[in-house]
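Quick look at coords37.cif (mmCIF, C-alpha atoms):
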```
data_target
loop_
_atom_site.label_atom_id
_atom_site.label_comp_id
_atom_site.auth_asym_id
_atom_site.auth_seq_id
_atom_site.Cartn_x
_atom_site.Cartn_y
_atom_site.Cartn_z
CA MET E 1 55.25 26.86 184.74
CA THR E 2 56.60 26.98 181.19
CA SER E 3 57.72 30.42 180.06
CA PRO E 4 55.90 31.59 176.91
CA PHE E 5 59.08 33.33 175.75
CA ARG E 6 62.56 34.28 176.94
CA VAL E 7 63.46 37.91 177.62
CA LEU E 8 66.88 39.55 177.87
CA PHE E 9 66.67 42.89 179.73
CA VAL E 10 69.58 45.28 179.09
CA ASP E 11 70.34 48.47 181.05
CA ASP E 12 73.47 49.91 182.63
CA GLU E 13 71.73 50.30 186.03
CA GLU E 14 72.43 46.99 187.77
CA GLU E 15 69.69 47.37 190.37
CA LEU E 16 67.07 48.12 187.70
CA VAL E 17 68.09 45.02 185.73
CA SER E 18 67.94 42.92 188.87
CA ALA E 19 64.48 44.19 189.96
CA VAL E 20 62.90 43.90 186.50
CA THR E 21 64.21 40.39 185.83
CA GLU E 22 63.03 39.25 189.29
CA ARG E 23 59.57 40.67 188.57
CA LEU E 24 59.43 38.97 185.18
CA GLU E 25 60.44 35.67 186.78
CA LEU E 26 57.62 36.06 189.35
CA ARG E 27 55.24 36.33 186.36
CA GLY E 28 56.51 33.08 184.95
CA ILE E 29 58.71 34.68 182.28
CA ASP E 30 62.18 33.27 181.78
CA ALA E 31 64.32 36.41 182.00
CA ALA E 32 68.00 37.31 182.16
CA GLY E 33 69.79 40.62 182.44
CA CYS E 34 72.87 42.37 181.06
CA LEU E 35 74.54 45.67 181.91
CA SER E 36 75.76 46.64 178.43
CA GLY E 37 75.06 46.18 174.76
CA ARG E 38 78.27 44.24 174.32
CA ALA E 39 77.37 41.86 177.18
CA ALA E 40 73.92 41.41 175.59
CA LEU E 41 75.45 40.40 172.26
CA ALA E 42 77.71 37.91 174.04
CA LYS E 43 74.68 36.49 175.86
CA LEU E 44 72.76 36.18 172.57
CA ALA E 45 75.70 34.32 171.07
CA ALA E 46 75.45 31.75 173.87
CA GLU E 47 71.68 31.47 174.44
CA HIS E 48 68.44 31.96 172.55
CA PHE E 49 66.10 34.78 173.58
CA ASP E 50 62.83 35.73 171.92
CA PHE E 51 62.99 39.35 173.05
CA VAL E 52 65.62 41.87 173.95
CA VAL E 53 64.39 44.86 175.95
CA LEU E 54 67.07 47.50 176.00
CA ASP E 55 67.76 51.04 177.11
CA VAL E 56 68.44 53.38 174.22
CA LYS E 57 71.24 55.19 176.09
CA MET E 58 73.99 52.96 177.45
CA PRO E 59 77.75 53.20 177.86
CA GLY E 60 79.71 51.79 174.95
CA LEU E 61 77.34 50.36 172.36
CA GLY E 62 74.09 52.33 172.48
CA GLY E 63 70.65 50.82 171.95
CA LEU E 64 70.54 51.64 168.23
CA ASP E 65 73.96 50.05 167.61
CA VAL E 66 72.79 46.94 169.44
CA ILE E 67 69.59 46.72 167.32
CA ARG E 68 71.68 46.90 164.14
CA MET E 69 73.91 44.06 165.33
CA ILE E 70 70.94 41.97 166.48
CA ASN E 71 69.28 42.46 163.06
CA GLU E 72 72.45 41.33 161.38
CA ASN E 73 73.22 38.32 163.53
CA TYR E 74 69.94 37.27 165.20
CA PRO E 75 67.13 38.32 162.84
CA ASP E 76 64.53 36.23 164.69
CA VAL E 77 65.05 38.15 167.96
CA LYS E 78 62.56 40.98 168.53
CA VAL E 79 63.71 44.19 170.21
CA THR E 80 61.84 46.64 172.42
CA LEU E 81 63.62 49.92 173.07
CA LEU E 82 63.19 51.72 176.40
CA THR E 83 63.36 55.47 175.87
CA GLY E 84 63.44 58.63 177.95
CA HIS E 85 61.39 61.74 177.23
CA SER E 86 64.40 63.33 175.51
CA SER E 87 65.15 60.46 173.13
CA VAL E 88 62.18 60.57 170.73
CA GLU E 89 64.47 60.77 167.70
CA ASP E 90 66.37 57.68 168.86
CA ALA E 91 63.06 55.91 169.45
CA GLU E 92 61.87 56.65 165.92
CA ALA E 93 65.21 55.52 164.53
CA GLY E 94 64.77 52.32 166.57
CA LEU E 95 61.35 51.71 165.00
CA ARG E 96 62.84 52.21 161.53
CA LEU E 97 65.43 49.57 162.46
CA GLY E 98 62.64 47.15 163.34
CA ALA E 99 62.08 47.60 167.08
CA VAL E 100 58.58 46.37 167.94
CA ALA E 101 57.90 49.27 170.33
CA TYR E 102 59.58 52.08 172.25
CA PRO E 103 57.82 52.47 175.60
CA GLN E 104 58.88 55.50 177.64
CA ILE E 105 60.56 55.06 181.00
CA PRO E 106 59.15 54.54 183.61
CA VAL E 107 57.54 51.53 182.02
CA ASP E 108 54.69 49.70 183.72
CA LEU E 109 55.87 46.09 183.74
CA ASP E 110 52.46 44.65 182.90
CA ALA E 111 52.15 47.09 179.97
CA LEU E 112 55.58 45.96 178.78
CA LEU E 113 54.51 42.32 179.04
CA GLU E 114 51.41 43.14 176.99
CA ILE E 115 53.67 44.58 174.29
CA LEU E 116 55.79 41.42 174.31
CA ARG E 117 52.75 39.11 174.26
CA ASN E 118 51.29 41.06 171.34
CA ALA E 119 54.57 40.90 169.46
CA ALA E 120 54.78 37.18 170.15
CA GLY E 121 51.26 36.74 168.81
CA GLN E 122 49.99 35.56 172.16
CA ALA E 123 47.67 38.43 173.09
CA MET T 1 87.06 93.78 187.47
CA GLU T 2 89.04 90.82 186.17
CA LYS T 3 87.38 89.21 183.17
CA SER T 4 86.46 85.51 183.53
CA PRO T 5 88.65 83.27 181.32
CA VAL T 6 85.60 81.10 180.58
CA PRO T 7 83.39 82.24 177.66
CA PRO T 8 79.81 82.69 178.98
CA ALA T 9 78.33 80.38 176.34
CA GLU T 10 80.78 77.59 177.27
CA ALA T 11 80.04 78.10 180.97
CA LEU T 12 76.30 77.95 180.31
CA ARG T 13 76.65 74.78 178.22
CA PHE T 14 78.63 73.13 181.03
CA PHE T 15 76.03 74.21 183.58
CA GLY T 16 73.24 72.80 181.37
CA ARG T 17 75.08 69.50 180.75
CA THR T 18 75.65 69.05 184.48
CA VAL T 19 72.00 69.73 185.35
CA ALA T 20 70.74 67.47 182.54
CA GLY T 21 73.08 64.61 183.47
CA THR T 22 72.26 64.82 187.17
CA THR T 23 68.50 64.98 186.67
CA HIS T 24 68.78 61.98 184.30
CA GLU T 25 70.59 60.13 187.08
CA LEU T 26 67.87 61.13 189.54
CA VAL T 27 65.21 59.75 187.15
CA ASN T 28 67.18 56.48 187.07
CA VAL T 29 67.04 56.33 190.86
CA LEU T 30 63.28 56.97 190.87
CA ASN T 31 62.79 54.25 188.24
CA ILE T 32 64.72 51.79 190.39
CA VAL T 33 62.75 52.70 193.52
CA GLY T 34 59.56 52.23 191.48
CA GLU T 35 60.65 48.77 190.34
CA LEU T 36 61.69 47.78 193.88
CA ALA T 37 58.27 48.88 195.16
CA GLY T 38 56.70 46.87 192.34
CA LEU T 39 58.77 43.86 193.34
CA GLN T 40 57.63 44.23 196.94
CA ASP T 41 54.00 44.37 195.73
CA ASP T 42 54.54 41.25 193.64
CA LEU T 43 56.01 39.37 196.61
CA LEU T 44 53.17 40.44 198.91
CA ARG T 45 50.57 39.41 196.31
CA GLY T 46 52.30 36.05 196.16
CA VAL T 47 51.98 35.70 199.94
CA ALA T 48 48.29 36.66 199.75
CA ALA T 49 47.90 33.94 197.10
CA GLY T 50 49.41 31.36 199.43
CA ARG T 51 53.15 31.47 198.76
CA PRO T 52 55.33 31.28 201.89
CA ILE T 53 56.58 34.65 203.09
CA ASP T 54 60.32 35.19 202.52
CA LEU T 55 61.31 37.56 205.31
CA GLU T 56 64.96 37.64 204.27
CA LYS T 57 64.00 38.66 200.75
CA LEU T 58 61.76 41.45 202.09
CA ALA T 59 64.53 42.68 204.39
CA THR T 60 66.99 42.73 201.48
CA LEU T 61 64.44 44.61 199.43
CA ALA T 62 64.13 47.27 202.13
CA GLU T 63 67.93 47.62 202.19
CA ARG T 64 68.10 47.89 198.38
CA THR T 65 65.43 50.60 198.46
CA ARG T 66 67.29 52.45 201.25
CA THR T 67 70.52 52.43 199.22
CA GLN T 68 68.76 54.00 196.25
CA THR T 69 67.00 56.56 198.46
CA GLU T 70 70.37 57.63 199.88
CA ARG T 71 71.73 57.91 196.32
CA GLY T 72 68.65 59.95 195.39
CA HIS T 73 69.10 62.31 198.36
CA ALA T 74 72.77 62.92 197.56
CA LEU T 75 72.20 63.98 193.94
CA PRO T 76 70.06 67.10 194.57
CA ARG T 77 72.30 68.03 197.53
CA HIS T 78 75.35 68.14 195.24
CA LEU T 79 73.40 69.75 192.40
CA ASN T 80 72.21 72.45 194.78
CA ARG T 81 75.77 73.12 195.94
CA PHE T 82 76.87 73.27 192.29
CA ALA T 83 74.04 75.68 191.41
CA HIS T 84 75.16 78.01 194.21
CA SER T 85 78.73 77.94 192.86
CA VAL T 86 77.75 80.74 190.46
CA ASP T 87 76.22 82.98 193.15
CA HIS T 88 79.39 85.09 193.38
CA ASP T 89 82.40 85.60 191.12
CA THR T 90 84.64 84.61 194.01
CA THR T 91 83.89 82.98 197.32
CA ARG T 92 85.54 80.83 199.99
CA TYR T 93 85.08 77.09 199.47
CA ASP T 94 86.46 73.85 200.85
CA LEU T 95 88.27 71.79 198.22
CA SER T 96 87.17 68.47 199.77
CA ASP T 97 83.50 69.51 199.54
CA LEU T 98 84.04 70.54 195.94
CA PHE T 99 85.72 67.18 195.12
CA GLU T 100 82.84 65.32 196.75
CA SER T 101 80.26 67.21 194.67
CA PHE T 102 82.29 66.94 191.49
CA ALA T 103 82.58 63.14 191.87
CA ALA T 104 78.85 62.77 192.53
CA LEU T 105 77.84 64.96 189.58
CA ALA T 106 80.36 63.33 187.23
CA GLU T 107 79.26 59.80 188.13
CA ARG T 108 76.98 59.31 185.10
CA ARG T 109 79.50 60.76 182.65
CA VAL T 110 82.21 58.52 184.07
CA ARG T 111 79.91 55.49 183.81
CA LEU T 112 78.95 56.34 180.21
CA ALA T 113 82.66 56.54 179.39
CA ARG T 114 83.03 53.12 181.09
CA ALA T 115 85.64 54.57 183.41
CA HIS T 116 86.02 54.56 187.18
CA LEU T 117 86.75 57.70 189.19
CA THR T 118 88.56 57.61 192.53
CA VAL T 119 88.91 60.77 194.58
CA ARG T 120 91.67 61.46 197.08
CA PRO T 121 90.74 64.70 198.83
CA PRO T 122 93.46 66.63 200.66
CA LEU T 123 94.23 65.12 204.07
CA ALA T 124 93.83 68.45 205.81
CA SER T 125 91.08 70.93 205.06
CA VAL T 126 92.01 73.28 202.20
CA VAL T 127 89.86 76.39 202.06
CA LEU T 128 90.39 78.46 198.93
CA GLU T 129 89.17 81.78 197.66
CA GLY T 130 88.02 81.88 194.05
CA SER T 131 85.32 80.56 191.74
CA PRO T 132 84.23 77.02 192.63
CA PHE T 133 82.28 76.95 189.36
CA ALA T 134 85.48 77.57 187.37
CA VAL T 135 87.16 74.71 189.27
CA HIS T 136 84.23 72.39 188.46
CA LEU T 137 84.55 73.35 184.79
CA ALA T 138 88.34 72.88 184.78
CA LEU T 139 88.03 69.45 186.45
CA SER T 140 85.35 68.48 183.97
CA LEU T 141 87.54 69.41 181.00
CA CYS T 142 90.44 67.43 182.50
CA LEU T 143 88.18 64.42 183.10
CA GLU T 144 86.92 64.64 179.52
CA ALA T 145 90.47 64.73 178.19
CA VAL T 146 91.44 61.66 180.23
CA VAL T 147 88.45 59.47 179.36
CA GLN T 148 87.89 60.60 175.77
CA GLY T 149 88.70 57.79 173.38
CA SER T 150 90.28 55.75 176.15
CA PRO T 151 89.66 52.00 176.39
CA PRO T 152 86.96 50.71 178.79
CA ASN T 153 87.65 50.27 182.51
CA ARG T 154 90.01 53.21 182.65
CA GLU T 155 90.82 54.35 186.17
CA VAL T 156 90.76 58.11 186.69
CA HIS T 157 92.31 59.55 189.83
CA LEU T 158 91.52 62.98 191.21
CA ALA T 159 93.81 64.18 193.98
CA ALA T 160 94.84 67.41 195.68
CA HIS T 161 98.07 68.32 197.40
CA PRO T 162 98.10 71.41 199.65
CA THR T 163 100.73 74.02 198.78
CA ALA T 164 101.72 77.33 200.35
CA ALA T 165 99.58 79.15 197.81
CA GLY T 166 96.57 76.80 198.02
CA ALA T 167 96.60 73.39 196.38
CA THR T 168 97.77 71.51 193.34
CA VAL T 169 95.03 69.41 191.77
CA VAL T 170 95.93 66.34 189.73
CA VAL T 171 93.63 64.48 187.35
CA GLU T 172 95.27 61.42 185.83
CA GLY T 173 94.25 58.25 184.10
CA SER T 174 95.69 54.78 184.50
CA GLY T 175 94.72 51.21 183.78
CA ALA T 176 93.34 49.52 180.66
#
```
Spell out the structure here as structure tokens.
Amino acid sequence: MTSPFRVLFVDDEEELVSAVTERLELRGIDAAGCLSGRAALAKLAAEHFDFVVLDVKMPGLGGLDVIRMINENYPDVKVTLLTGHSSVEDAEAGLRLGAVAYPQIPVDLDALLEILRNAAGQA
Amino acid sequence: MEKSPVPPAEALRFFGRTVAGTTHELVNVLNIVGELAGLQDDLLRGVAAGRPIDLEKLATLAERTRTQTERGHALPRHLNRFAHSVDHDTTRYDLSDLFESFAALAERRVRLARAHLTVRPPLASVVLEGSPFAVHLALSLCLEAVVQGSPPNREVHLAAHPTAAGATVVVEGSGA
């Protein structure tokens, strides 16, 4: 099965990254994971991804910092920001920076995929 | 009555930060358990659709879920102990228990600071009389001072040495 797009999932919880990327793979999506914003930027420097799905609150570089750096260096990569109930302001700032959506955690994986398909123009 | 050296507003802020951080961590655990359950569903749907069953994968999944459940059980246990630390101005408490709770409740803050906390409780039981809440706050301030502005992967050590009067507590940073 050919993946319609490549997704990089970024969160500091290793087990969450592992479970989500496994579930994406089972749906035929080529997915990889990273545990920090800095690791995500290194991964983007080495490989192409169509989407980056990242947690707004992470150690080191936060989600908003990562969006800024992606905009600067990889303008064709689309970003979806995962937010908690207490990070509405960050989510809105993310949208202003060009994030395609900011679904609240816990995110239904199929709803997330729908967001990505829509953003990729494949709905 | 002796006046507490901790301003009430500062104490309340620390209490609030600890509760907020720990409940955030608990939400993380629930999210992971939800994703692991989703993964199990996905695998079972695959089997129903004709894919071969991968028993080893399912067993690993059960173990991963169990690990998170244990993590999830520990958080409210330590938060509950912490909440009761303000029941009385002074009380008798075991320093090892306090260290254990402090490490569990500080886990997220340590991770966000990209540091690593190791705890060496006293070898023998040290039971003290005083305010366990004040000790939590003092340890938290020390931890903050050690990790603040430090490079990633900093090791932070928390240790206690029994003395005739009680114990000497040491919080020190080392590494990168």
Using only C-alpha atoms, find each residue of chain E with at least one atom at most 9 Å away from an atom of chain T; report its shortest atom-to-atom pair and that distance in Å (one decimal), sort the rows by chain and rising residue number, and return the result as CSV.
```
residue,atom,partner,partner_atom,distance
E:Asp12,CA,T:Arg111,CA,8.6
E:Glu13,CA,T:Asn28,CA,7.7
E:Glu15,CA,T:Ile32,CA,6.7
E:Leu16,CA,T:Ile32,CA,5.1
E:Val17,CA,T:Ile32,CA,8.9
E:Ala19,CA,T:Glu35,CA,6.0
E:Val20,CA,T:Glu35,CA,6.6
E:Glu22,CA,T:Leu39,CA,7.5
E:Arg23,CA,T:Leu39,CA,5.8
E:Leu26,CA,T:Asp42,CA,7.4
E:Arg27,CA,T:Asp42,CA,8.8
E:Lys57,CA,T:Leu112,CA,8.8
E:Met58,CA,T:Leu112,CA,6.6
E:Pro59,CA,T:Leu112,CA,4.1
E:Gly60,CA,T:Leu112,CA,7.0
E:Gly84,CA,T:His24,CA,8.9
E:Ile105,CA,T:Asn31,CA,7.6
E:Pro106,CA,T:Asn31,CA,5.9
E:Val107,CA,T:Asn31,CA,8.6
E:Asp108,CA,T:Glu35,CA,9.0
E:Leu109,CA,T:Glu35,CA,8.6
```
note = re atom CA of T:Ala83 and atom CA of T:Ala104: distance 13.8 Å
Atom-to-atom span, atom CA of T:Arg77 and atom CA of T:Phe102, Å = 11.7 Å
task = Spell out the residues picked by the PyMOL selection byres ((chain E and resi 103) around 7) here, as a VMD selection string.
result = chain E and resid 81 to 83 101 to 102 104 to 105 107
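Pairwise distance (atom CA of T:Val171, atom CA of T:Thr23) equals 25.1 Å.
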ask   = Once the PyMOL selection byres ((chain T and resi 131) around 9) has been applied to the shown file, what residues remain in the selection, as an NGL selection string?
value = :T and (85-86 or 88-93 or 129-130 or 132-136)
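When the PyMOL selection byres ((chain E and resi 50) around 6) is run on the displayed coordinates, the residues it returns are E:Phe5, E:Arg6, E:Phe49, E:Phe51, E:Val77.
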request  = Please write as an MDAnalysis selection string the list of polymer residues whose atoms come within 10 Å of (56.9, 39.1, 172.2), counting only C-alpha atoms and keeping to the coordinates of the file.
outcome  = chainID E and resid 4:7 50:52 77:80 100 112:123
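Closest approach to T:Lys57 among T:Leu117, T:Val6, T:Leu44, T:Leu105: T:Leu44, based on all atoms listed in the file.
The set of protein, DNA and RNA residues with any counted atom at most 7 Å from (73.1, 45.4, 170.3) (all atoms listed in the file) reads Gly37, Arg38, Ala40, Leu41, Leu61, Gly63, Asp65, Val66, Ile67, Arg68, Met69 and Ile70 of chain E.
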task = Compile the contact shell of E:Asp11 as a list in words: residues with an atom at most 7 Å away, counting only C-alpha atoms, same-chain residues fewer than 6 positions apart removed.
result =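 So the residues in contact are Val17, Cys34, Leu35, Ser36, Leu54, Asp55 and Met58 of chain E.
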ask   = Which residues, written as a count of residues only, have at least one atom at most 9 Å from T:Thr118, with only C-alpha atoms counted and residues fewer than 4 positions away on the same chain left out?
value = 6
Mind giving me the axis-aligned box for stretch 13-30 of chain E with 3 Å on every side, centre plus edges in Å to one decimal, as AutoDock Vina command-line options?
```
--center_x 63.8 --center_y 41.7 --center_z 186.1 --size_x 23.2 --size_y 23.2 --size_z 14.6
```
key: Nearest to T:Arg120, chosen from T:Gln148, T:Arg154, T:Arg13, T:Phe99, with only C-alpha atoms counted in the distances   = T:Phe99
Can you pull out the residues contacting T:His161? Cut-off 10 Å, using all atoms listed in the file, and skip same-chain residues under 5 positions away; I want them as a compact mmCIF listing (two decimals) with C-alpha atoms, in the coordinates of the input.
```txt
# COMPACT_ATOMS: atom_id res chain seq x y z
CA ARG T 120 91.67 61.46 197.08
CA PRO T 121 90.74 64.70 198.83
CA PRO T 122 93.46 66.63 200.66
CA LEU T 123 94.23 65.12 204.07
CA ALA T 124 93.83 68.45 205.81
CA VAL T 126 92.01 73.28 202.20
CA GLY T 166 96.57 76.80 198.02
CA ALA T 167 96.60 73.39 196.38
CA THR T 168 97.77 71.51 193.34
CA VAL T 169 95.03 69.41 191.77
CA VAL T 170 95.93 66.34 189.73
```
request  = Excluding T:Leu79 and residues on its chain fewer than 6 positions from it, collect all residues at most 8 Å away from it, counting only C-alpha atoms, and give them as a list in words.
outcome  = Val19, Thr22, Ser101 and Leu105 of chain T
